[in-house]
Amino acid sequence: MSIYDTLNEQQKKGVFTTEGPVLLLAGAGSGKTRVMVHRIAYLIEEMGVNPFNILAITFTNKAAGEMRSRVDKLIGFGSEQIWVSTFHSMCVKILRRFADKIGYDTNFVIYDTDDSKAIVKEIFKKLQLDSLHIKEGAVRGIISRAKDELISVEQFEKDAAYDYKERKIAEIYREYQTTLKKNNAMDFDDLICNTVKLFKEHPQVLANYQERFQYIHVDEYQDTNTAQFELVRLLADKNRNLCVVGDDDQSIYKFRGANIRNILGFEETYPNATVIKLEENYRSTQNILDAANAVIHNNVRRKDKSLWTRKDGGNPIHFRQFDSADEEAEFIAYDVKSKARELGLPYSDFAVLYRTNAQSNLLEKACKRAGVPTKIVGGISFFSRKEIKDVLAYLKTIDNGKDDLAVKRIINIPKRGIGATTILKAQVAADEEGISFYDVLKKARSIPSLAKSADKIEKFTDLIEYFRHRLENYTVIDLMDEILAKTGYIQILEEDGDEDALDRINNIKELEADILAFYEKNEEATLSDYLADAALFTDLDKLDDEDVPKLLLMTLHAAKGLEFPNVYIAGMEDGIFPSSQARSSESRDELEEERRLCYVGMTRAMNDLTLTYAKYRLLYGGYGGEYRAVSSFIREIPNELLDNKPQVRRTRDFDDYGDDNVFASSFKPKAIARAKQTERMPQMAKEVKALNQISGLAKGSDMNLGDLDYTVGDRVRHIKFGDGTVTKIDREPRDYKVTVDFDTAGTRIMYAIFSKLKKI
DNA sequence: CACAGGTCTCTTTTT
DNA sequence: GAGACCTGTG
């Protein structure tokens, strides 16, 4: 009996077809990782391939680690020789060796989204582009897409020749690339396209890697963009032993440049490709699968396939409707709690998925109240926290004096009396002299415009120079300790006495632990290596090292590639999921991508799937409250699979409330929505009235402003905050504003009509 | 030049 | 409801 006997026929075919191009169309839960792992084991054990000659590209660092350890378990040795990594970290590794060939220092820094935002902002200022009616974010998107498509600045300029706006964008693109290069920095997109550039301009470098990578595997192939496709094509061009694994139904990164043609057109690129379909699902019950299949079948652009499972029947899909997002969150928290207890399952067997990060807040709070421990995956990543960025900016400045952005970040942290004006003057001087920002600082005394602040500036540069000398003999961790000591960073946080100062200090400690762990694992690594690792880290990578089993909260995107016995998808509302932009978009592409996202979410569930809907949800801080219809995706699930039929209330039905009705607001152009906000009070009256009618929050059709059944001094109960004493009631035109001193939740001010306070 | 306080914008999704 | 941005004051 060999390790391959446990595979089904299709899986075996995937494992044994080692030569030539292979397209593995692997449906959700069909064991594609298993096939990859066995394939690699087979190559090593049966084909005598040196692990050194195998490359596997995965989507996340976590997936890479998992693949490595599973191969290790399977064959019992030597997996560390296999090159397993993400596209980005693979490119970093290559560029660290050869970046000098394309005009960068090999200790280049990696700019994250925030960094690149800051650069674009500077360029807008510098080029005085306020008059250009285009937003910075949009320009960043255009530049990023261009890079994904391997469109160089020169090409972009050519294409833009006759369009004023496009020409302006080309100008920004050029300036952006110039700035990055000056700073010896690459953004995420550069990592890929610069590697492609390197390979194209230096065939001997490419040949070197082609020689090495005799067997290439790409996971989640449906999410590759054009640049990544080209990179893979180049690498595989010599041996052509390329195995790509993916599922067009799970392509959810089009917004990031993923090109679905890469997978749909694989057979055209490689006409002799072996195509293998994995259609047996080992994860989910029949009911879950039927529901997911029903949804995805509404997409037109897809390779037809249908998943099947041996797990007959199973629980129906639970569907729950709530009046408000608060109640939805409350339900989920308690439902998880009771199911975990009933079934004797750890909380880590449950996950709650949602469309936008903003939804995590309510859920987290509700879980806290219910005593369910949670872990939020994603959101604000550890490395984008202020204090972490500050400390890293010090390290970056010490490591690479060309990184102007890092220098500017810390030049006045802690306060050195160097403000915006001085920074601007220094930048002007740097541009004039054609040297880096930091180099200007070093000669500040000889520059007239900076003479006044020269003392302060010198103190700063002396400090950096001091650290730089230290770097020669110090470990990074010692260096960091000294930075914290000399700058007094932690003391300042402590003195500040900010509420979250303690959190920040703990984060810095966690950073130290991370650095320590990194150098333990990679003894030879340089400071640049660590900084690159930090830049490419995602929260997802850390999922496993949790001591207490916790309920996981994450976006649907973050859930890709994971599976859980019990899954909740919250916020099944039109305008949330599918998102309003996808709904209103002209093309059906965006809606199809949302639908794929829904499919991905549903197929994460093994045994039990719960979908929830909240009629009313506050979006940004209270002013984005809107009533929404049940998600169209719910209506795509056959009723017999649901334990609760949606009370089908199409958006249209809401028109009963007048043509200026609140339900339509999410579907109207932004300008109108904004105009409405300014005249919100009359609008609010309508909302309240409508709310009364729909949810029965107040008795009767009037607003009943006269009859609150509690008054100042009374004890009241709130569904969320518990018991408290009313300390104040203010009459407002539309409602009462009630101030309550809660026993445990502190003092809160709330509108009577929404708060549902009960006298006790 | 720093800082406090007010105003406006933003929300998909992420390597 | 946060975070970026602007403005006035000392």
# chains A, B, ... in the order shown; residues from 1 in each chain; ligands from 1

call {"tool": "closest_atom_pairs", "arguments": {"of": "chain C", "to": "chain A", "cutoff": "12 Å", "atoms": "only C-alpha atoms (C1' of nucleotides)", "output": "Markdown table"}}
result
| residue | atom | partner | partner_atom | distance |
| --- | --- | --- | --- | --- |
| C:DG1 | C1' | A:Gly621 | CA | 4.5 |
| C:DA2 | C1' | A:Gly621 | CA | 9.0 |
| C:DA4 | C1' | A:Ala118 | CA | 11.6 |

call {"tool": "residues_around", "arguments": {"residues": "stretch 6-8 of chain B", "least_positions_apart": "4", "cutoff": "10 Å", "atoms": "only C-alpha atoms (C1' of nucleotides)", "output": "ChimeraX atom specification"}}
result
/C:4-7

call {"tool": "residues_around", "arguments": {"residues": "A:Asn639", "least_positions_apart": "4", "cutoff": "12 Å", "atoms": "only C-alpha atoms (C1' of nucleotides)", "output": "ChimeraX atom specification"}}
result
/A:287,290-291,294,316-319,633-635,643-648

call {"tool": "interface_residues", "arguments": {"of": "chain A", "to": "chain B", "cutoff": "9 Å", "atoms": "only C-alpha atoms (C1' of nucleotides)", "output": "PyMOL selection string"}}
result
chain A and resi 59-60+86-88+188-189+252-253+255-256+355-358+417-421+536-538+555-558+576+579+581+619-620

call {"tool": "residues_around", "arguments": {"residues": "stretch 216-231 of chain A", "least_positions_apart": "6", "cutoff": "6 Å", "atoms": "only C-alpha atoms (C1' of nucleotides)", "output": "PDB file with all heavy atoms, in the first residue's frame"}}
result
ATOM      1  N   LEU A  55       9.719  24.116  -7.451  1.00  0.00           N
ATOM      2  CA  LEU A  55       9.201  25.412  -7.012  1.00  0.00           C
ATOM      3  C   LEU A  55       7.692  25.308  -6.829  1.00  0.00           C
ATOM      4  O   LEU A  55       6.995  24.757  -7.681  1.00  0.00           O
ATOM      5  CB  LEU A  55       9.498  26.497  -8.062  1.00  0.00           C
ATOM      6  CG  LEU A  55       8.814  27.846  -7.890  1.00  0.00           C
ATOM      7  CD1 LEU A  55       9.332  28.579  -6.659  1.00  0.00           C
ATOM      8  CD2 LEU A  55       8.995  28.721  -9.132  1.00  0.00           C
ATOM      9  N   ALA A  56       7.211  25.826  -5.702  1.00  0.00           N
ATOM     10  CA  ALA A  56       5.766  25.889  -5.502  1.00  0.00           C
ATOM     11  C   ALA A  56       5.400  27.291  -5.066  1.00  0.00           C
ATOM     12  O   ALA A  56       5.936  27.800  -4.096  1.00  0.00           O
ATOM     13  CB  ALA A  56       5.321  24.871  -4.452  1.00  0.00           C
ATOM     14  N   ILE A  57       4.512  27.910  -5.829  1.00  0.00           N
ATOM     15  CA  ILE A  57       4.099  29.267  -5.506  1.00  0.00           C
ATOM     16  C   ILE A  57       2.684  29.221  -4.950  1.00  0.00           C
ATOM     17  O   ILE A  57       1.777  28.668  -5.580  1.00  0.00           O
ATOM     18  CB  ILE A  57       4.143  30.165  -6.745  1.00  0.00           C
ATOM     19  CG1 ILE A  57       5.536  30.126  -7.373  1.00  0.00           C
ATOM     20  CG2 ILE A  57       3.776  31.590  -6.380  1.00  0.00           C
ATOM     21  CD1 ILE A  57       5.620  30.848  -8.700  1.00  0.00           C
ATOM     22  N   THR A  58       2.512  29.786  -3.776  1.00  0.00           N
ATOM     23  CA  THR A  58       1.199  29.779  -3.143  1.00  0.00           C
ATOM     24  C   THR A  58       0.723  31.207  -2.965  1.00  0.00           C
ATOM     25  O   THR A  58       1.413  32.161  -3.303  1.00  0.00           O
ATOM     26  CB  THR A  58       1.248  29.121  -1.758  1.00  0.00           C
ATOM     27  OG1 THR A  58       2.151  29.859  -0.948  1.00  0.00           O
ATOM     28  CG2 THR A  58       1.697  27.684  -1.854  1.00  0.00           C
ATOM     29  N   ASP A 148       0.375  45.801 -13.181  1.00  0.00           N
ATOM     30  CA  ASP A 148      -0.111  44.425 -13.252  1.00  0.00           C
ATOM     31  C   ASP A 148      -0.114  43.936 -14.694  1.00  0.00           C
ATOM     32  O   ASP A 148       0.071  42.759 -14.968  1.00  0.00           O
ATOM     33  CB  ASP A 148      -1.551  44.325 -12.721  1.00  0.00           C
ATOM     34  CG  ASP A 148      -1.618  44.513 -11.223  1.00  0.00           C
ATOM     35  OD1 ASP A 148      -0.569  44.388 -10.572  1.00  0.00           O
ATOM     36  OD2 ASP A 148      -2.719  44.801 -10.712  1.00  0.00           O
ATOM     37  N   GLU A 149      -0.396  44.871 -15.603  1.00  0.00           N
ATOM     38  CA  GLU A 149      -0.470  44.516 -17.014  1.00  0.00           C
ATOM     39  C   GLU A 149       0.876  44.698 -17.710  1.00  0.00           C
ATOM     40  O   GLU A 149       0.960  44.665 -18.936  1.00  0.00           O
ATOM     41  CB  GLU A 149      -1.524  45.381 -17.712  1.00  0.00           C
ATOM     42  CG  GLU A 149      -2.953  45.116 -17.245  1.00  0.00           C
ATOM     43  CD  GLU A 149      -3.450  43.736 -17.661  1.00  0.00           C
ATOM     44  OE1 GLU A 149      -3.142  43.304 -18.778  1.00  0.00           O
ATOM     45  OE2 GLU A 149      -4.146  43.085 -16.849  1.00  0.00           O
ATOM     46  N   LEU A 150       1.908  44.954 -16.943  1.00  0.00           N
ATOM     47  CA  LEU A 150       3.259  45.148 -17.474  1.00  0.00           C
ATOM     48  C   LEU A 150       3.341  46.307 -18.460  1.00  0.00           C
ATOM     49  O   LEU A 150       4.085  46.253 -19.443  1.00  0.00           O
ATOM     50  CB  LEU A 150       3.767  43.867 -18.146  1.00  0.00           C
ATOM     51  CG  LEU A 150       4.058  42.692 -17.206  1.00  0.00           C
ATOM     52  CD1 LEU A 150       4.359  41.441 -18.017  1.00  0.00           C
ATOM     53  CD2 LEU A 150       5.226  43.018 -16.278  1.00  0.00           C
ATOM     54  N   CYS A 193       6.857  43.054 -11.414  1.00  0.00           N
ATOM     55  CA  CYS A 193       7.235  43.449 -12.774  1.00  0.00           C
ATOM     56  C   CYS A 193       8.721  43.742 -12.894  1.00  0.00           C
ATOM     57  O   CYS A 193       9.280  43.589 -13.981  1.00  0.00           O
ATOM     58  CB  CYS A 193       6.344  44.543 -13.351  1.00  0.00           C
ATOM     59  SG  CYS A 193       5.977  45.913 -12.319  1.00  0.00           S
ATOM     60  N   VAL A 196      10.187  40.425 -13.703  1.00  0.00           N
ATOM     61  CA  VAL A 196       9.973  40.126 -15.118  1.00  0.00           C
ATOM     62  C   VAL A 196      10.972  40.904 -15.978  1.00  0.00           C
ATOM     63  O   VAL A 196      11.602  40.368 -16.883  1.00  0.00           O
ATOM     64  CB  VAL A 196       8.520  40.468 -15.536  1.00  0.00           C
ATOM     65  CG1 VAL A 196       8.354  40.391 -17.046  1.00  0.00           C
ATOM     66  CG2 VAL A 196       7.538  39.531 -14.851  1.00  0.00           C
ATOM     67  N   LEU A 242       4.970  22.620 -15.927  1.00  0.00           N
ATOM     68  CA  LEU A 242       4.244  23.625 -15.171  1.00  0.00           C
ATOM     69  C   LEU A 242       2.886  23.066 -14.777  1.00  0.00           C
ATOM     70  O   LEU A 242       2.095  22.668 -15.629  1.00  0.00           O
ATOM     71  CB  LEU A 242       4.057  24.880 -16.029  1.00  0.00           C
ATOM     72  CG  LEU A 242       3.145  25.955 -15.471  1.00  0.00           C
ATOM     73  CD1 LEU A 242       3.714  26.539 -14.185  1.00  0.00           C
ATOM     74  CD2 LEU A 242       2.929  27.058 -16.504  1.00  0.00           C
ATOM     75  N   CYS A 243       2.651  23.032 -13.482  1.00  0.00           N
ATOM     76  CA  CYS A 243       1.375  22.536 -13.000  1.00  0.00           C
ATOM     77  C   CYS A 243       0.650  23.667 -12.286  1.00  0.00           C
ATOM     78  O   CYS A 243       1.126  24.173 -11.270  1.00  0.00           O
ATOM     79  CB  CYS A 243       1.615  21.371 -12.039  1.00  0.00           C
ATOM     80  SG  CYS A 243       0.133  20.799 -11.213  1.00  0.00           S
ATOM     81  N   VAL A 244      -0.456  24.097 -12.849  1.00  0.00           N
ATOM     82  CA  VAL A 244      -1.213  25.159 -12.196  1.00  0.00           C
ATOM     83  C   VAL A 244      -2.519  24.598 -11.645  1.00  0.00           C
ATOM     84  O   VAL A 244      -3.157  23.759 -12.267  1.00  0.00           O
ATOM     85  CB  VAL A 244      -1.496  26.353 -13.139  1.00  0.00           C
ATOM     86  CG1 VAL A 244      -0.200  26.920 -13.682  1.00  0.00           C
ATOM     87  CG2 VAL A 244      -2.430  25.960 -14.261  1.00  0.00           C
ATOM     88  N   VAL A 245      -2.872  25.083 -10.466  1.00  0.00           N
ATOM     89  CA  VAL A 245      -4.064  24.584  -9.801  1.00  0.00           C
ATOM     90  C   VAL A 245      -4.972  25.756  -9.508  1.00  0.00           C
ATOM     91  O   VAL A 245      -4.524  26.779  -8.993  1.00  0.00           O
ATOM     92  CB  VAL A 245      -3.706  23.927  -8.455  1.00  0.00           C
ATOM     93  CG1 VAL A 245      -4.934  23.280  -7.840  1.00  0.00           C
ATOM     94  CG2 VAL A 245      -2.613  22.914  -8.647  1.00  0.00           C
ATOM     95  N   GLY A 246      -6.222  25.620  -9.850  1.00  0.00           N
ATOM     96  CA  GLY A 246      -7.109  26.736  -9.560  1.00  0.00           C
ATOM     97  C   GLY A 246      -8.547  26.388  -9.838  1.00  0.00           C
ATOM     98  O   GLY A 246      -8.878  25.284 -10.245  1.00  0.00           O
ATOM     99  N   ASP A 248     -11.831  28.593 -11.474  1.00  0.00           N
ATOM    100  CA  ASP A 248     -12.310  29.884 -11.970  1.00  0.00           C
ATOM    101  C   ASP A 248     -13.466  30.404 -11.127  1.00  0.00           C
ATOM    102  O   ASP A 248     -13.678  31.601 -11.028  1.00  0.00           O
ATOM    103  CB  ASP A 248     -12.700  29.794 -13.448  1.00  0.00           C
ATOM    104  CG  ASP A 248     -13.651  28.643 -13.715  1.00  0.00           C
ATOM    105  OD1 ASP A 248     -13.323  27.519 -13.316  1.00  0.00           O
ATOM    106  OD2 ASP A 248     -14.721  28.877 -14.307  1.00  0.00           O
ATOM    107  N   SER A 251     -12.291  32.849  -8.334  1.00  0.00           N
ATOM    108  CA  SER A 251     -11.497  34.030  -8.668  1.00  0.00           C
ATOM    109  C   SER A 251     -12.141  35.271  -8.051  1.00  0.00           C
ATOM    110  O   SER A 251     -13.227  35.678  -8.452  1.00  0.00           O
ATOM    111  CB  SER A 251     -11.438  34.168 -10.185  1.00  0.00           C
ATOM    112  OG  SER A 251     -11.107  35.481 -10.528  1.00  0.00           O
ATOM    113  N   TYR A 253     -10.154  38.169  -7.024  1.00  0.00           N
ATOM    114  CA  TYR A 253      -9.210  39.284  -6.918  1.00  0.00           C
ATOM    115  C   TYR A 253      -9.065  40.068  -8.213  1.00  0.00           C
ATOM    116  O   TYR A 253      -8.016  40.620  -8.491  1.00  0.00           O
ATOM    117  CB  TYR A 253      -7.847  38.783  -6.441  1.00  0.00           C
ATOM    118  CG  TYR A 253      -7.837  38.481  -4.981  1.00  0.00           C
ATOM    119  CD1 TYR A 253      -7.833  37.179  -4.499  1.00  0.00           C
ATOM    120  CD2 TYR A 253      -7.868  39.527  -4.059  1.00  0.00           C
ATOM    121  CE1 TYR A 253      -7.835  36.913  -3.150  1.00  0.00           C
ATOM    122  CE2 TYR A 253      -7.884  39.267  -2.706  1.00  0.00           C
ATOM    123  CZ  TYR A 253      -7.864  37.963  -2.260  1.00  0.00           C
ATOM    124  OH  TYR A 253      -7.873  37.717  -0.912  1.00  0.00           O
ATOM    125  N   GLY A 257      -6.325  43.146 -10.078  1.00  0.00           N
ATOM    126  CA  GLY A 257      -5.626  42.917 -11.337  1.00  0.00           C
ATOM    127  C   GLY A 257      -5.590  41.469 -11.785  1.00  0.00           C
ATOM    128  O   GLY A 257      -5.017  41.159 -12.829  1.00  0.00           O
ATOM    129  N   ALA A 258      -6.182  40.573 -10.994  1.00  0.00           N
ATOM    130  CA  ALA A 258      -6.191  39.167 -11.402  1.00  0.00           C
ATOM    131  C   ALA A 258      -6.871  39.047 -12.765  1.00  0.00           C
ATOM    132  O   ALA A 258      -7.887  39.676 -13.019  1.00  0.00           O
ATOM    133  CB  ALA A 258      -6.922  38.314 -10.373  1.00  0.00           C
ATOM    134  N   ASN A 259      -6.273  38.264 -13.602  1.00  0.00           N
ATOM    135  CA  ASN A 259      -6.756  38.125 -14.961  1.00  0.00           C
ATOM    136  C   ASN A 259      -7.289  36.708 -15.148  1.00  0.00           C
ATOM    137  O   ASN A 259      -6.533  35.754 -15.269  1.00  0.00           O
ATOM    138  CB  ASN A 259      -5.596  38.399 -15.920  1.00  0.00           C
ATOM    139  CG  ASN A 259      -6.052  38.426 -17.349  1.00  0.00           C
ATOM    140  OD1 ASN A 259      -7.155  37.972 -17.669  1.00  0.00           O
ATOM    141  ND2 ASN A 259      -5.212  38.959 -18.207  1.00  0.00           N
ATOM    142  N   ILE A 260      -8.604  36.618 -15.215  1.00  0.00           N
ATOM    143  CA  ILE A 260      -9.212  35.294 -15.235  1.00  0.00           C
ATOM    144  C   ILE A 260      -8.883  34.546 -16.520  1.00  0.00           C
ATOM    145  O   ILE A 260      -8.968  33.329 -16.604  1.00  0.00           O
ATOM    146  CB  ILE A 260     -10.738  35.394 -15.002  1.00  0.00           C
ATOM    147  CG1 ILE A 260     -11.298  34.043 -14.559  1.00  0.00           C
ATOM    148  CG2 ILE A 260     -11.441  35.907 -16.229  1.00  0.00           C
ATOM    149  CD1 ILE A 260     -12.639  34.108 -13.893  1.00  0.00           C
ATOM    150  N   ILE A 263      -6.413  31.517 -16.427  1.00  0.00           N
ATOM    151  CA  ILE A 263      -6.851  30.141 -16.211  1.00  0.00           C
ATOM    152  C   ILE A 263      -7.795  29.677 -17.314  1.00  0.00           C
ATOM    153  O   ILE A 263      -7.694  28.563 -17.800  1.00  0.00           O
ATOM    154  CB  ILE A 263      -7.480  29.956 -14.801  1.00  0.00           C
ATOM    155  CG1 ILE A 263      -7.675  28.471 -14.507  1.00  0.00           C
ATOM    156  CG2 ILE A 263      -8.784  30.700 -14.641  1.00  0.00           C
ATOM    157  CD1 ILE A 263      -7.831  28.157 -13.033  1.00  0.00           C
TER     158      ILE A 263
END

call {"tool": "residues_around", "arguments": {"residues": "stretch 597-612 of chain A", "least_positions_apart": "6", "cutoff": "9 Å", "atoms": "only C-alpha atoms (C1' of nucleotides)", "output": "PyMOL selection string"}}
result
chain A and resi 28-29+249-252+282-285+288-289+291-293+295-296+314-322+328+332+351+353-355+556-557+559-573+577-578+633-634

call {"tool": "write_last_selection", "arguments": {"atoms": "C-alpha atoms", "output": "short mmCIF file (atom, residue, chain, number, x, y, z; two decimals), in the first residue's frame"}}
result
data_model
loop_
_atom_site.label_atom_id
_atom_site.label_comp_id
_atom_site.auth_asym_id
_atom_site.auth_seq_id
_atom_site.Cartn_x
_atom_site.Cartn_y
_atom_site.Cartn_z
CA ALA A 28 -13.70 23.96 -3.61
CA GLY A 29 -12.78 21.30 -1.09
CA ASP A 249 -15.32 29.93 -9.66
CA GLN A 250 -13.09 31.12 -6.86
CA SER A 251 -11.50 34.03 -8.67
CA ILE A 252 -12.11 36.95 -6.33
CA TYR A 282 -14.59 16.11 0.51
CA ARG A 283 -15.49 19.03 2.68
CA SER A 284 -19.13 19.96 2.70
CA THR A 285 -22.48 18.28 3.05
CA ILE A 288 -24.24 23.16 1.49
CA LEU A 289 -22.88 22.15 -1.85
CA ALA A 291 -26.83 25.77 -2.24
CA ALA A 292 -23.39 26.95 -3.34
CA ASN A 293 -23.80 25.35 -6.74
CA VAL A 295 -25.69 30.36 -6.55
CA ILE A 296 -22.66 29.98 -8.79
CA GLY A 314 -26.83 17.35 6.21
CA ASN A 315 -28.31 20.29 8.05
CA PRO A 316 -30.38 22.71 6.07
CA ILE A 317 -28.82 26.11 5.45
CA HIS A 318 -29.92 28.34 8.29
CA PHE A 319 -31.26 31.69 7.30
CA ARG A 320 -32.04 34.31 9.94
CA GLN A 321 -33.43 37.79 9.51
CA PHE A 322 -33.08 40.63 11.95
CA GLU A 328 -27.76 40.03 14.04
CA ILE A 332 -24.45 35.03 16.01
CA ALA A 351 -15.94 31.27 11.73
CA LEU A 353 -17.41 35.82 7.47
CA TYR A 354 -18.46 39.22 6.18
CA ARG A 355 -18.03 41.41 3.15
CA LEU A 556 -14.84 36.58 2.84
CA HIS A 557 -11.64 37.29 0.96
CA ALA A 559 -11.35 33.04 4.22
CA LYS A 560 -10.26 31.70 0.89
CA GLY A 561 -8.37 28.47 1.21
CA LEU A 562 -9.67 27.81 4.72
CA GLU A 563 -12.39 25.50 5.99
CA PHE A 564 -14.47 25.33 9.15
CA PRO A 565 -17.08 22.92 10.47
CA ASN A 566 -19.45 25.81 11.16
CA VAL A 567 -19.63 28.98 9.12
CA TYR A 568 -21.71 32.15 9.45
CA ILE A 569 -21.98 34.68 6.70
CA ALA A 570 -23.27 37.95 8.08
CA GLY A 571 -24.73 40.92 6.29
CA MET A 572 -26.55 39.17 3.47
CA GLU A 573 -28.02 42.41 2.21
CA PHE A 577 -23.18 41.77 -0.29
CA PRO A 578 -23.31 42.14 -3.21
CA PHE A 633 -27.78 35.65 -3.48
CA ILE A 634 -30.19 34.38 -0.85
#

call {"tool": "closest_residue", "arguments": {"among": "A:Leu642, A:Ile760, A:Ala406, A:Ile483", "to": "A:Asp114", "atoms": "only C-alpha atoms"}}
result
A:Ala406

call {"tool": "select_by_dssp", "arguments": {"residues": "stretch 44-192 of chain A", "states": "strand (DSSP E or B)", "output": "list in words"}}
result
Ile54, Leu55, Ala56, Ile57, Thr58, Trp83, Val84, Ser85, Thr86, Val109, Ile110, Tyr111, Ala185, Met186 and Asp187 of chain A

call {"tool": "closest_residue", "arguments": {"among": "A:Ile410, A:Leu206, A:Val109, A:Leu553", "to": "A:Phe460", "atoms": "only C-alpha atoms"}}
result
A:Ile410

call {"tool": "atom_distance", "arguments": {"atom1": "atom CA of A:Leu191", "atom2": "atom CA of A:Gly401"}}
result
20.2 Å

call {"tool": "select_by_dssp", "arguments": {"residues": "stretch 474-593 of chain A", "states": "helix (DSSP H, G or I)", "output": "ChimeraX atom specification"}}
result
/A:476-487,489-496,501-521,527-535,539-542,580-584,589-593

call {"tool": "atom_distance", "arguments": {"atom1": "atom CA of A:Gly27", "atom2": "atom CA of A:Trp308"}}
result
9.7 Å
